[in-house]
$ cat structure37.cif   # mmCIF, N, CA and C atoms
data_work
#
loop_
_atom_site.label_atom_id
_atom_site.label_comp_id
_atom_site.auth_asym_id
_atom_site.auth_seq_id
_atom_site.Cartn_x
_atom_site.Cartn_y
_atom_site.Cartn_z
N MET A 1 3.60 5.52 -22.81
CA MET A 1 3.48 5.94 -21.42
C MET A 1 2.07 5.69 -20.88
N LEU A 2 1.05 5.92 -21.72
CA LEU A 2 -0.33 5.68 -21.31
C LEU A 2 -0.54 4.20 -21.02
N GLN A 3 0.08 3.33 -21.85
CA GLN A 3 -0.03 1.89 -21.62
C GLN A 3 0.55 1.53 -20.26
N ASP A 4 1.67 2.14 -19.91
CA ASP A 4 2.28 1.88 -18.61
C ASP A 4 1.34 2.27 -17.48
N ALA A 5 0.69 3.42 -17.60
CA ALA A 5 -0.23 3.90 -16.58
C ALA A 5 -1.42 2.95 -16.44
N ILE A 6 -1.91 2.46 -17.56
CA ILE A 6 -3.03 1.51 -17.55
C ILE A 6 -2.62 0.21 -16.87
N LEU A 7 -1.43 -0.28 -17.19
CA LEU A 7 -0.92 -1.50 -16.57
C LEU A 7 -0.79 -1.33 -15.06
N LEU A 8 -0.22 -0.21 -14.63
CA LEU A 8 -0.05 0.04 -13.20
C LEU A 8 -1.40 0.14 -12.49
N GLU A 9 -2.36 0.78 -13.13
CA GLU A 9 -3.70 0.91 -12.54
C GLU A 9 -4.35 -0.47 -12.41
N LYS A 10 -4.19 -1.33 -13.42
CA LYS A 10 -4.75 -2.69 -13.36
C LYS A 10 -4.11 -3.47 -12.22
N ARG A 11 -2.79 -3.36 -12.09
CA ARG A 11 -2.08 -4.04 -10.99
C ARG A 11 -2.58 -3.54 -9.64
N HIS A 12 -2.78 -2.23 -9.54
CA HIS A 12 -3.25 -1.63 -8.29
C HIS A 12 -4.65 -2.14 -7.94
N GLN A 13 -5.53 -2.20 -8.94
CA GLN A 13 -6.89 -2.71 -8.70
C GLN A 13 -6.85 -4.18 -8.28
N ARG A 14 -5.95 -4.95 -8.87
CA ARG A 14 -5.78 -6.35 -8.48
C ARG A 14 -5.28 -6.43 -7.03
N PHE A 15 -4.37 -5.53 -6.66
CA PHE A 15 -3.88 -5.46 -5.27
C PHE A 15 -5.05 -5.26 -4.32
N ILE A 16 -5.91 -4.31 -4.61
CA ILE A 16 -7.06 -4.01 -3.75
C ILE A 16 -7.96 -5.24 -3.61
N LYS A 17 -8.32 -5.85 -4.72
CA LYS A 17 -9.20 -7.02 -4.68
C LYS A 17 -8.56 -8.17 -3.91
N THR A 18 -7.30 -8.45 -4.19
CA THR A 18 -6.62 -9.58 -3.57
C THR A 18 -6.45 -9.41 -2.08
N VAL A 19 -5.99 -8.23 -1.63
CA VAL A 19 -5.78 -8.05 -0.19
C VAL A 19 -7.10 -8.01 0.57
N CYS A 20 -8.15 -7.55 -0.06
CA CYS A 20 -9.46 -7.55 0.60
C CYS A 20 -10.00 -8.97 0.72
N GLU A 21 -9.71 -9.81 -0.24
CA GLU A 21 -10.14 -11.21 -0.17
C GLU A 21 -9.32 -11.99 0.85
N SER A 22 -7.99 -11.82 0.82
CA SER A 22 -7.11 -12.59 1.70
C SER A 22 -6.95 -11.97 3.09
N GLU A 23 -7.17 -10.67 3.17
CA GLU A 23 -6.96 -9.86 4.39
C GLU A 23 -5.51 -9.90 4.86
N ILE A 24 -4.58 -10.05 3.88
CA ILE A 24 -3.14 -10.04 4.15
C ILE A 24 -2.47 -9.11 3.15
N VAL A 25 -1.54 -8.29 3.64
CA VAL A 25 -0.70 -7.44 2.81
C VAL A 25 0.73 -7.88 3.07
N TYR A 26 1.56 -7.87 2.03
CA TYR A 26 2.96 -8.28 2.18
C TYR A 26 3.88 -7.08 2.04
N GLY A 27 4.92 -7.07 2.86
CA GLY A 27 5.95 -6.05 2.78
C GLY A 27 7.31 -6.71 2.81
N LEU A 28 8.34 -5.93 2.53
CA LEU A 28 9.72 -6.41 2.62
C LEU A 28 10.38 -5.66 3.76
N LYS A 29 11.02 -6.41 4.66
CA LYS A 29 11.61 -5.79 5.83
C LYS A 29 13.01 -6.36 6.08
N ASN A 30 13.90 -5.47 6.53
CA ASN A 30 15.21 -5.91 7.03
C ASN A 30 15.38 -5.30 8.42
N ARG A 31 16.57 -5.43 8.99
CA ARG A 31 16.76 -4.94 10.36
C ARG A 31 16.64 -3.42 10.46
N LYS A 32 16.77 -2.71 9.35
CA LYS A 32 16.68 -1.24 9.37
C LYS A 32 15.27 -0.72 9.10
N GLY A 33 14.39 -1.59 8.60
CA GLY A 33 13.03 -1.15 8.31
C GLY A 33 12.48 -1.77 7.05
N PHE A 34 11.51 -1.11 6.47
CA PHE A 34 10.80 -1.63 5.31
C PHE A 34 11.38 -1.10 4.00
N ALA A 35 11.13 -1.87 2.94
CA ALA A 35 11.61 -1.50 1.60
C ALA A 35 10.93 -0.21 1.15
N THR A 36 11.76 0.76 0.77
CA THR A 36 11.24 2.06 0.36
C THR A 36 11.71 2.41 -1.05
N SER A 37 11.02 3.36 -1.61
CA SER A 37 11.38 3.90 -2.91
C SER A 37 11.05 5.39 -2.87
N SER A 38 11.20 6.04 -3.99
CA SER A 38 10.85 7.46 -4.09
C SER A 38 9.87 7.66 -5.22
N SER A 39 8.96 8.57 -5.03
CA SER A 39 7.95 8.87 -6.04
C SER A 39 8.58 9.42 -7.31
N ILE A 40 8.02 9.03 -8.44
CA ILE A 40 8.43 9.65 -9.71
C ILE A 40 7.42 10.72 -10.13
N HIS A 41 6.34 10.88 -9.34
CA HIS A 41 5.28 11.82 -9.68
C HIS A 41 5.17 13.00 -8.71
N ASP A 42 5.45 12.75 -7.43
CA ASP A 42 5.19 13.77 -6.41
C ASP A 42 6.47 14.21 -5.71
N GLU A 43 6.52 15.52 -5.43
CA GLU A 43 7.68 16.10 -4.74
C GLU A 43 7.21 16.83 -3.49
N ASP A 44 8.14 16.97 -2.53
CA ASP A 44 7.85 17.74 -1.32
C ASP A 44 8.07 19.23 -1.61
N ASP A 45 7.96 20.05 -0.59
CA ASP A 45 8.09 21.50 -0.74
C ASP A 45 9.48 21.94 -1.22
N GLN A 46 10.49 21.11 -0.98
CA GLN A 46 11.86 21.44 -1.40
C GLN A 46 12.20 20.85 -2.78
N GLY A 47 11.21 20.23 -3.43
CA GLY A 47 11.45 19.67 -4.76
C GLY A 47 12.05 18.27 -4.74
N ASN A 48 12.09 17.63 -3.58
CA ASN A 48 12.61 16.27 -3.48
C ASN A 48 11.47 15.26 -3.66
N PRO A 49 11.77 14.11 -4.26
CA PRO A 49 10.72 13.09 -4.41
C PRO A 49 10.19 12.65 -3.04
N ILE A 50 8.89 12.44 -2.97
CA ILE A 50 8.27 11.98 -1.73
C ILE A 50 8.61 10.50 -1.54
N GLY A 51 8.91 10.14 -0.30
CA GLY A 51 9.23 8.75 0.03
C GLY A 51 8.00 7.86 -0.04
N MET A 52 8.28 6.58 -0.23
CA MET A 52 7.19 5.63 -0.42
C MET A 52 7.62 4.28 0.17
N ILE A 53 6.70 3.60 0.84
CA ILE A 53 6.95 2.23 1.29
C ILE A 53 6.13 1.33 0.38
N CYS A 54 6.73 0.21 -0.03
CA CYS A 54 6.11 -0.66 -1.02
C CYS A 54 5.45 -1.88 -0.38
N PHE A 55 4.31 -2.27 -0.94
CA PHE A 55 3.53 -3.40 -0.45
C PHE A 55 3.00 -4.22 -1.62
N TRP A 56 2.73 -5.49 -1.34
CA TRP A 56 2.26 -6.43 -2.37
C TRP A 56 1.07 -7.22 -1.87
N ALA A 57 0.31 -7.76 -2.82
CA ALA A 57 -0.85 -8.58 -2.49
C ALA A 57 -0.50 -10.06 -2.44
N ASN A 58 0.67 -10.41 -2.97
CA ASN A 58 1.03 -11.82 -2.91
C ASN A 58 2.51 -11.99 -2.61
N ARG A 59 2.77 -13.02 -1.85
CA ARG A 59 4.12 -13.30 -1.35
C ARG A 59 5.12 -13.48 -2.48
N ALA A 60 4.73 -14.19 -3.54
CA ALA A 60 5.66 -14.48 -4.63
C ALA A 60 6.14 -13.20 -5.32
N LEU A 61 5.23 -12.27 -5.57
CA LEU A 61 5.63 -11.02 -6.22
C LEU A 61 6.54 -10.21 -5.30
N ALA A 62 6.21 -10.17 -4.02
CA ALA A 62 7.08 -9.46 -3.06
C ALA A 62 8.47 -10.11 -3.06
N LYS A 63 8.49 -11.42 -3.02
CA LYS A 63 9.78 -12.14 -2.97
C LYS A 63 10.60 -11.91 -4.23
N SER A 64 9.93 -11.76 -5.38
CA SER A 64 10.65 -11.54 -6.65
C SER A 64 11.39 -10.20 -6.65
N CYS A 65 11.04 -9.31 -5.73
CA CYS A 65 11.68 -7.99 -5.65
C CYS A 65 12.89 -7.98 -4.72
N ILE A 66 13.21 -9.11 -4.12
CA ILE A 66 14.38 -9.19 -3.23
C ILE A 66 15.62 -9.34 -4.10
N THR A 67 16.02 -8.22 -4.69
CA THR A 67 17.22 -8.16 -5.54
C THR A 67 17.91 -6.82 -5.31
N ASP A 68 19.09 -6.70 -5.81
CA ASP A 68 19.86 -5.45 -5.77
C ASP A 68 19.80 -4.79 -4.39
N GLY A 69 19.26 -3.58 -4.33
CA GLY A 69 19.23 -2.82 -3.09
C GLY A 69 18.33 -3.43 -2.02
N TRP A 70 17.45 -4.33 -2.41
CA TRP A 70 16.55 -4.97 -1.46
C TRP A 70 16.95 -6.43 -1.18
N ARG A 71 18.16 -6.81 -1.52
CA ARG A 71 18.55 -8.23 -1.43
C ARG A 71 18.62 -8.76 0.00
N ARG A 72 18.70 -7.91 0.99
CA ARG A 72 18.77 -8.38 2.38
C ARG A 72 17.42 -8.28 3.11
N TYR A 73 16.37 -8.15 2.36
CA TYR A 73 15.03 -8.05 2.94
C TYR A 73 14.35 -9.42 2.97
N LYS A 74 13.37 -9.54 3.86
CA LYS A 74 12.56 -10.74 3.95
C LYS A 74 11.10 -10.34 3.82
N VAL A 75 10.30 -11.24 3.27
CA VAL A 75 8.86 -11.00 3.12
C VAL A 75 8.18 -11.15 4.48
N ILE A 76 7.34 -10.20 4.81
CA ILE A 76 6.54 -10.31 6.04
C ILE A 76 5.06 -10.08 5.72
N GLU A 77 4.21 -10.68 6.53
CA GLU A 77 2.76 -10.53 6.38
C GLU A 77 2.25 -9.46 7.35
N ILE A 78 1.34 -8.66 6.85
CA ILE A 78 0.69 -7.64 7.68
C ILE A 78 -0.82 -7.88 7.57
N PRO A 79 -1.52 -8.07 8.68
CA PRO A 79 -2.97 -8.22 8.60
C PRO A 79 -3.57 -6.95 7.99
N LEU A 80 -4.58 -7.13 7.14
CA LEU A 80 -5.20 -5.99 6.45
C LEU A 80 -5.71 -4.95 7.44
N SER A 81 -6.30 -5.39 8.55
CA SER A 81 -6.83 -4.42 9.54
C SER A 81 -5.70 -3.53 10.07
N ASP A 82 -4.54 -4.12 10.36
CA ASP A 82 -3.38 -3.35 10.85
C ASP A 82 -2.87 -2.42 9.75
N PHE A 83 -2.81 -2.93 8.52
CA PHE A 83 -2.36 -2.12 7.39
C PHE A 83 -3.24 -0.88 7.23
N MET A 84 -4.55 -1.09 7.27
CA MET A 84 -5.48 0.02 7.08
C MET A 84 -5.43 1.01 8.25
N GLU A 85 -5.52 0.47 9.44
CA GLU A 85 -5.67 1.31 10.63
C GLU A 85 -4.37 2.00 11.04
N ASN A 86 -3.26 1.31 10.90
CA ASN A 86 -1.99 1.86 11.38
C ASN A 86 -1.06 2.32 10.26
N TRP A 87 -0.86 1.49 9.25
CA TRP A 87 0.06 1.84 8.18
C TRP A 87 -0.47 3.00 7.33
N CYS A 88 -1.67 2.85 6.80
CA CYS A 88 -2.19 3.90 5.91
C CYS A 88 -2.30 5.24 6.63
N ILE A 89 -2.86 5.21 7.81
CA ILE A 89 -3.03 6.47 8.56
C ILE A 89 -1.67 7.02 8.99
N GLY A 90 -0.79 6.16 9.47
CA GLY A 90 0.54 6.59 9.88
C GLY A 90 1.35 7.16 8.73
N MET A 91 1.27 6.52 7.57
CA MET A 91 2.02 7.00 6.40
C MET A 91 1.46 8.34 5.92
N GLU A 92 0.16 8.51 6.00
CA GLU A 92 -0.44 9.81 5.66
C GLU A 92 0.11 10.89 6.60
N ASN A 93 0.13 10.57 7.88
CA ASN A 93 0.64 11.53 8.88
C ASN A 93 2.12 11.84 8.66
N ASP A 94 2.87 10.87 8.15
CA ASP A 94 4.31 11.05 7.91
C ASP A 94 4.62 11.65 6.53
N GLY A 95 3.58 11.90 5.74
CA GLY A 95 3.78 12.49 4.42
C GLY A 95 4.37 11.52 3.39
N LEU A 96 4.13 10.22 3.58
CA LEU A 96 4.65 9.21 2.67
C LEU A 96 3.57 8.71 1.72
N LEU A 97 4.00 8.08 0.65
CA LEU A 97 3.10 7.43 -0.28
C LEU A 97 3.20 5.92 -0.10
N ILE A 98 2.24 5.21 -0.67
CA ILE A 98 2.26 3.75 -0.65
C ILE A 98 2.46 3.26 -2.08
N GLY A 99 3.46 2.42 -2.26
CA GLY A 99 3.70 1.79 -3.56
C GLY A 99 3.04 0.42 -3.56
N THR A 100 2.25 0.13 -4.58
CA THR A 100 1.60 -1.18 -4.65
C THR A 100 2.09 -1.95 -5.87
N GLU A 101 2.29 -3.24 -5.65
CA GLU A 101 2.60 -4.20 -6.71
C GLU A 101 3.82 -3.82 -7.55
N PHE A 102 4.86 -3.30 -6.89
CA PHE A 102 6.10 -3.02 -7.61
C PHE A 102 6.67 -4.33 -8.15
N ASP A 103 7.36 -4.24 -9.27
CA ASP A 103 8.03 -5.42 -9.81
C ASP A 103 9.53 -5.27 -9.60
N LYS A 104 10.29 -6.26 -10.03
CA LYS A 104 11.74 -6.24 -9.77
C LYS A 104 12.45 -5.10 -10.50
N ASN A 105 11.77 -4.44 -11.44
CA ASN A 105 12.32 -3.28 -12.14
C ASN A 105 11.94 -1.97 -11.45
N MET A 106 11.33 -2.08 -10.25
CA MET A 106 10.90 -0.92 -9.47
C MET A 106 9.81 -0.12 -10.19
N PHE A 107 8.94 -0.85 -10.84
CA PHE A 107 7.83 -0.28 -11.59
C PHE A 107 6.55 -0.65 -10.85
N GLY A 108 5.83 0.36 -10.32
CA GLY A 108 4.62 0.08 -9.56
C GLY A 108 3.74 1.31 -9.45
N PHE A 109 2.62 1.12 -8.78
CA PHE A 109 1.62 2.17 -8.62
C PHE A 109 1.92 2.98 -7.36
N GLU A 110 1.73 4.28 -7.44
CA GLU A 110 1.91 5.18 -6.29
C GLU A 110 0.55 5.65 -5.80
N ALA A 111 0.25 5.34 -4.53
CA ALA A 111 -1.06 5.68 -3.97
C ALA A 111 -0.91 6.61 -2.77
N LYS A 112 -1.85 7.53 -2.66
CA LYS A 112 -1.93 8.35 -1.45
C LYS A 112 -2.61 7.49 -0.39
N PRO A 113 -2.05 7.44 0.82
CA PRO A 113 -2.55 6.52 1.84
C PRO A 113 -4.04 6.60 2.15
N LEU A 114 -4.59 7.80 2.32
CA LEU A 114 -6.01 7.89 2.65
C LEU A 114 -6.90 7.51 1.47
N GLU A 115 -6.44 7.80 0.27
CA GLU A 115 -7.21 7.39 -0.91
C GLU A 115 -7.22 5.86 -1.03
N LEU A 116 -6.07 5.24 -0.75
CA LEU A 116 -6.00 3.78 -0.76
C LEU A 116 -6.91 3.21 0.33
N LEU A 117 -6.92 3.84 1.47
CA LEU A 117 -7.78 3.40 2.57
C LEU A 117 -9.26 3.40 2.15
N LEU A 118 -9.68 4.43 1.44
CA LEU A 118 -11.06 4.48 0.95
C LEU A 118 -11.32 3.40 -0.10
N GLU A 119 -10.35 3.16 -0.99
CA GLU A 119 -10.51 2.11 -1.99
C GLU A 119 -10.65 0.74 -1.32
N LEU A 120 -9.83 0.49 -0.31
CA LEU A 120 -9.91 -0.79 0.41
C LEU A 120 -11.25 -0.91 1.15
N SER A 121 -11.68 0.17 1.78
CA SER A 121 -12.96 0.16 2.51
C SER A 121 -14.12 -0.12 1.57
N THR A 122 -14.10 0.50 0.41
CA THR A 122 -15.16 0.29 -0.58
C THR A 122 -15.19 -1.16 -1.04
N GLU A 123 -14.02 -1.72 -1.34
CA GLU A 123 -13.96 -3.11 -1.80
C GLU A 123 -14.41 -4.08 -0.71
N LEU A 124 -14.02 -3.83 0.52
CA LEU A 124 -14.47 -4.69 1.62
C LEU A 124 -15.99 -4.65 1.77
N THR A 125 -16.56 -3.46 1.59
CA THR A 125 -18.01 -3.32 1.65
C THR A 125 -18.67 -4.10 0.53
N VAL A 126 -18.12 -4.01 -0.69
CA VAL A 126 -18.65 -4.76 -1.84
C VAL A 126 -18.61 -6.27 -1.55
N LEU A 127 -17.53 -6.72 -0.91
CA LEU A 127 -17.38 -8.14 -0.58
C LEU A 127 -18.21 -8.56 0.63
N GLY A 128 -18.83 -7.59 1.28
CA GLY A 128 -19.63 -7.89 2.45
C GLY A 128 -18.80 -8.23 3.68
N LYS A 129 -17.57 -7.75 3.71
CA LYS A 129 -16.68 -8.02 4.84
C LYS A 129 -16.61 -6.81 5.75
N ASP A 130 -16.57 -7.07 7.04
CA ASP A 130 -16.33 -6.00 8.00
C ASP A 130 -15.11 -6.41 8.81
N VAL A 131 -14.11 -5.59 8.80
CA VAL A 131 -12.85 -5.88 9.47
C VAL A 131 -12.90 -5.29 10.88
N THR A 132 -12.31 -5.99 11.83
CA THR A 132 -12.28 -5.51 13.20
C THR A 132 -11.06 -4.62 13.40
N PHE A 133 -11.32 -3.41 13.88
CA PHE A 133 -10.27 -2.45 14.14
C PHE A 133 -10.19 -2.18 15.64
N LYS A 134 -9.06 -1.64 16.08
CA LYS A 134 -8.90 -1.28 17.49
C LYS A 134 -9.37 0.15 17.75
N LYS A 135 -9.22 1.03 16.74
CA LYS A 135 -9.52 2.45 16.94
C LYS A 135 -10.79 2.92 16.24
N PHE A 136 -11.42 2.04 15.48
CA PHE A 136 -12.62 2.41 14.73
C PHE A 136 -13.69 1.35 14.94
N ASN A 137 -14.96 1.77 14.82
CA ASN A 137 -16.08 0.85 14.96
C ASN A 137 -16.47 0.31 13.58
N GLY A 138 -15.58 -0.44 12.96
CA GLY A 138 -15.86 -1.06 11.68
C GLY A 138 -15.52 -0.17 10.49
N ILE A 139 -15.79 -0.74 9.32
CA ILE A 139 -15.46 -0.09 8.05
C ILE A 139 -16.19 1.24 7.88
N THR A 140 -17.47 1.26 8.21
CA THR A 140 -18.27 2.47 8.00
C THR A 140 -17.70 3.64 8.81
N ASP A 141 -17.35 3.39 10.06
CA ASP A 141 -16.77 4.43 10.91
C ASP A 141 -15.43 4.92 10.34
N LEU A 142 -14.57 3.98 9.97
CA LEU A 142 -13.27 4.34 9.39
C LEU A 142 -13.45 5.18 8.13
N LYS A 143 -14.31 4.70 7.25
CA LYS A 143 -14.54 5.40 5.98
C LYS A 143 -15.08 6.81 6.21
N LYS A 144 -16.02 6.94 7.13
CA LYS A 144 -16.62 8.25 7.43
C LYS A 144 -15.56 9.22 7.96
N GLN A 145 -14.70 8.75 8.85
CA GLN A 145 -13.67 9.62 9.40
C GLN A 145 -12.63 10.04 8.35
N VAL A 146 -12.26 9.09 7.50
CA VAL A 146 -11.30 9.42 6.44
C VAL A 146 -11.90 10.41 5.45
N GLN A 147 -13.16 10.21 5.08
CA GLN A 147 -13.80 11.15 4.17
C GLN A 147 -13.88 12.55 4.75
N SER A 148 -14.12 12.64 6.06
CA SER A 148 -14.19 13.98 6.68
C SER A 148 -12.81 14.66 6.66
N ILE A 149 -11.74 13.89 6.74
CA ILE A 149 -10.39 14.46 6.66
C ILE A 149 -10.12 14.97 5.25
N LEU A 150 -10.57 14.22 4.25
CA LEU A 150 -10.29 14.56 2.86
C LEU A 150 -11.13 15.72 2.33
N GLU A 151 -12.21 16.06 3.02
CA GLU A 151 -13.10 17.13 2.53
C GLU A 151 -12.52 18.50 2.74
#

$ encode --input "structure37.cif" --output "structure tokens"
Amino acid sequence: MLQDAILLEKRHQRFIKTVCESEIVYGLKNRKGFATSSSIHDEDDQGNPIGMICFWANRALAKSCITDGWRRYKVIEIPLSDFMENWCIGMENDGLLIGTEFDKNMFGFEAKPLELLLELSTELTVLGKDVTFKKFNGITDLKKQVQSILE
């Protein structure tokens, strides 16, 4: 089980590095919405698994998950700035988790949206990139506001 956790953490770290370099996040979408799963770690107040929307750093891995219950989905690109500013914050507000780098066996990392947002902000800063946002004045502003929420 520890090996599985280490593998998932490595995949998650690769997700962060890759999406910060490419500035693209991939999702699976059909006419009803985005590909979702349920947390195996976190439950809501009624004891039900918390919902999660899944995302990938590369098109091929996302496409490999178009099987079984997700067979009618198509891969879509989401600009990293939109993912950070709208998806992460919106999913936090909706009480959802973010699944990263799931494989066709539905095995992936579960991230809290604001924590993922901070990880992405930190990596972008390390890479010397500043992303343009509509609601924030750059990475530093976004990071500062998220940190104040988490305190």

$ closest_atom_pairs --input "structure37.cif" --of "segment 93-141 of chain A" --to "segment 56-67 of chain A" --cutoff "7 Å" --atoms "only C-alpha atoms" --output "tab-separated table"
residue	atom	partner	partner_atom	distance
A:Thr100	CA	A:Trp56	CA	5.8
A:Glu101	CA	A:Trp56	CA	4.9
A:Asp103	CA	A:Cys65	CA	6.1
A:Lys104	CA	A:Cys65	CA	4.5

$ atom_distance --input "structure37.cif" --atom1 "atom CA of Ile53 of chain A" --atom2 "atom N of Gly138 of chain A"
25.5 Å

$ residues_around --input "structure37.cif" --residues "Leu116 of chain A" --least-positions-apart "6" --cutoff "8 Å" --atoms "all atoms listed in the file" --output "list of chain:residue names"
A:Met84, A:Cys88, A:Thr122

$ atom_distance --input "structure37.cif" --atom1 "atom CA of Arg72 of chain A" --atom2 "atom CA of Asn30 of chain A"
6.4 Å

$ atom_distance --input "structure37.cif" --atom1 "atom CA of Phe133 of chain A" --atom2 "atom CA of Tyr73 of chain A"
28.2 Å

$ closest_residue --input "structure37.cif" --among "A:His41, A:Lys143, A:Lys10, A:Lys74" --to "Leu120 of chain A" --atoms "only C-alpha atoms"
A:Lys143

$ residues_around --input "structure37.cif" --residues "Tyr26 of chain A" --least-positions-apart "2" --cutoff "8 Å" --atoms "all atoms listed in the file" --output "JSON, numbers by chain"
{"A": [19, 23, 24, 28, 29, 54, 55, 56, 57, 58, 59, 62, 75, 76, 77, 78, 79]}

$ closest_residue --input "structure37.cif" --among "A:Cys20, A:Lys112, A:Ile40, A:Asp141" --to "Lys129 of chain A" --atoms "all atoms listed in the file"
A:Cys20

$ closest_residue --input "structure37.cif" --among "A:Leu80, A:Leu150, A:Thr140, A:Pro49" --to "Lys17 of chain A" --atoms "only C-alpha atoms"
A:Leu80

$ closest_residue --input "structure37.cif" --among "A:Asp44, A:Asp68, A:Asp4, A:Asp82" --to "Val25 of chain A" --atoms "only C-alpha atoms"
A:Asp82

$ residues_around --input "structure37.cif" --residues "Leu96 of chain A" --least-positions-apart "5" --cutoff "6.5 Å" --atoms "only N, CA and C atoms" --output "compact mmCIF listing (two decimals) with N, CA and C atoms, in the frame of the given file"
# COMPACT_ATOMS: atom_id res chain seq x y z
N ILE A 50 8.89 12.44 -2.97
CA ILE A 50 8.27 11.98 -1.73
C ILE A 50 8.61 10.50 -1.54
N GLY A 51 8.91 10.14 -0.30
CA GLY A 51 9.23 8.75 0.03
C GLY A 51 8.00 7.86 -0.04
N MET A 52 8.28 6.58 -0.23
CA MET A 52 7.19 5.63 -0.42
C MET A 52 7.62 4.28 0.17
N ILE A 53 6.70 3.60 0.84
CA ILE A 53 6.95 2.23 1.29
C ILE A 53 6.13 1.33 0.38
N MET A 91 1.27 6.52 7.57
CA MET A 91 2.02 7.00 6.40
C MET A 91 1.46 8.34 5.92
N LYS A 112 -1.85 7.53 -2.66
CA LYS A 112 -1.93 8.35 -1.45
C LYS A 112 -2.61 7.49 -0.39
N PRO A 113 -2.05 7.44 0.82
CA PRO A 113 -2.55 6.52 1.84
C PRO A 113 -4.04 6.60 2.15

$ select_by_dssp --input "structure37.cif" --residues "chain A" --states "alpha helix (DSSP H)" --output "PyMOL selection string"
chain A and resi 2-22+59-64+80-82+89-93+113-126+138-150

$ build_atoms --input "structure37.cif" --residues "segment 127-138 of chain A" --atoms "N, CA, C and O atoms" --output "tab-separated table (two decimals), in the coordinates of the input"
chain	number	residue	atom	x	y	z
A	127	LEU	N	-17.53	-6.72	-0.91
A	127	LEU	CA	-17.38	-8.14	-0.58
A	127	LEU	C	-18.21	-8.56	0.63
A	127	LEU	O	-18.26	-9.75	0.96
A	128	GLY	N	-18.83	-7.59	1.28
A	128	GLY	CA	-19.63	-7.89	2.45
A	128	GLY	C	-18.80	-8.23	3.68
A	128	GLY	O	-19.28	-8.91	4.59
A	129	LYS	N	-17.57	-7.75	3.71
A	129	LYS	CA	-16.68	-8.02	4.84
A	129	LYS	C	-16.61	-6.81	5.75
A	129	LYS	O	-16.58	-5.68	5.29
A	130	ASP	N	-16.57	-7.07	7.04
A	130	ASP	CA	-16.33	-6.00	8.00
A	130	ASP	C	-15.11	-6.41	8.81
A	130	ASP	O	-15.08	-7.48	9.41
A	131	VAL	N	-14.11	-5.59	8.80
A	131	VAL	CA	-12.85	-5.88	9.47
A	131	VAL	C	-12.90	-5.29	10.88
A	131	VAL	O	-13.47	-4.22	11.09
A	132	THR	N	-12.31	-5.99	11.83
A	132	THR	CA	-12.28	-5.51	13.20
A	132	THR	C	-11.06	-4.62	13.40
A	132	THR	O	-9.94	-5.01	13.11
A	133	PHE	N	-11.32	-3.41	13.88
A	133	PHE	CA	-10.27	-2.45	14.14
A	133	PHE	C	-10.19	-2.18	15.64
A	133	PHE	O	-11.15	-2.40	16.36
A	134	LYS	N	-9.06	-1.64	16.08
A	134	LYS	CA	-8.90	-1.28	17.49
A	134	LYS	C	-9.37	0.15	17.75
A	134	LYS	O	-9.84	0.46	18.83
A	135	LYS	N	-9.22	1.03	16.74
A	135	LYS	CA	-9.52	2.45	16.94
A	135	LYS	C	-10.79	2.92	16.24
A	135	LYS	O	-11.17	4.08	16.37
A	136	PHE	N	-11.42	2.04	15.48
A	136	PHE	CA	-12.62	2.41	14.73
A	136	PHE	C	-13.69	1.35	14.94
A	136	PHE	O	-13.39	0.18	15.16
A	137	ASN	N	-14.96	1.77	14.82
A	137	ASN	CA	-16.08	0.85	14.96
A	137	ASN	C	-16.47	0.31	13.58
A	137	ASN	O	-17.54	0.62	13.07
A	138	GLY	N	-15.58	-0.44	12.96
A	138	GLY	CA	-15.86	-1.06	11.68
A	138	GLY	C	-15.52	-0.17	10.49
A	138	GLY	O	-15.05	0.96	10.63
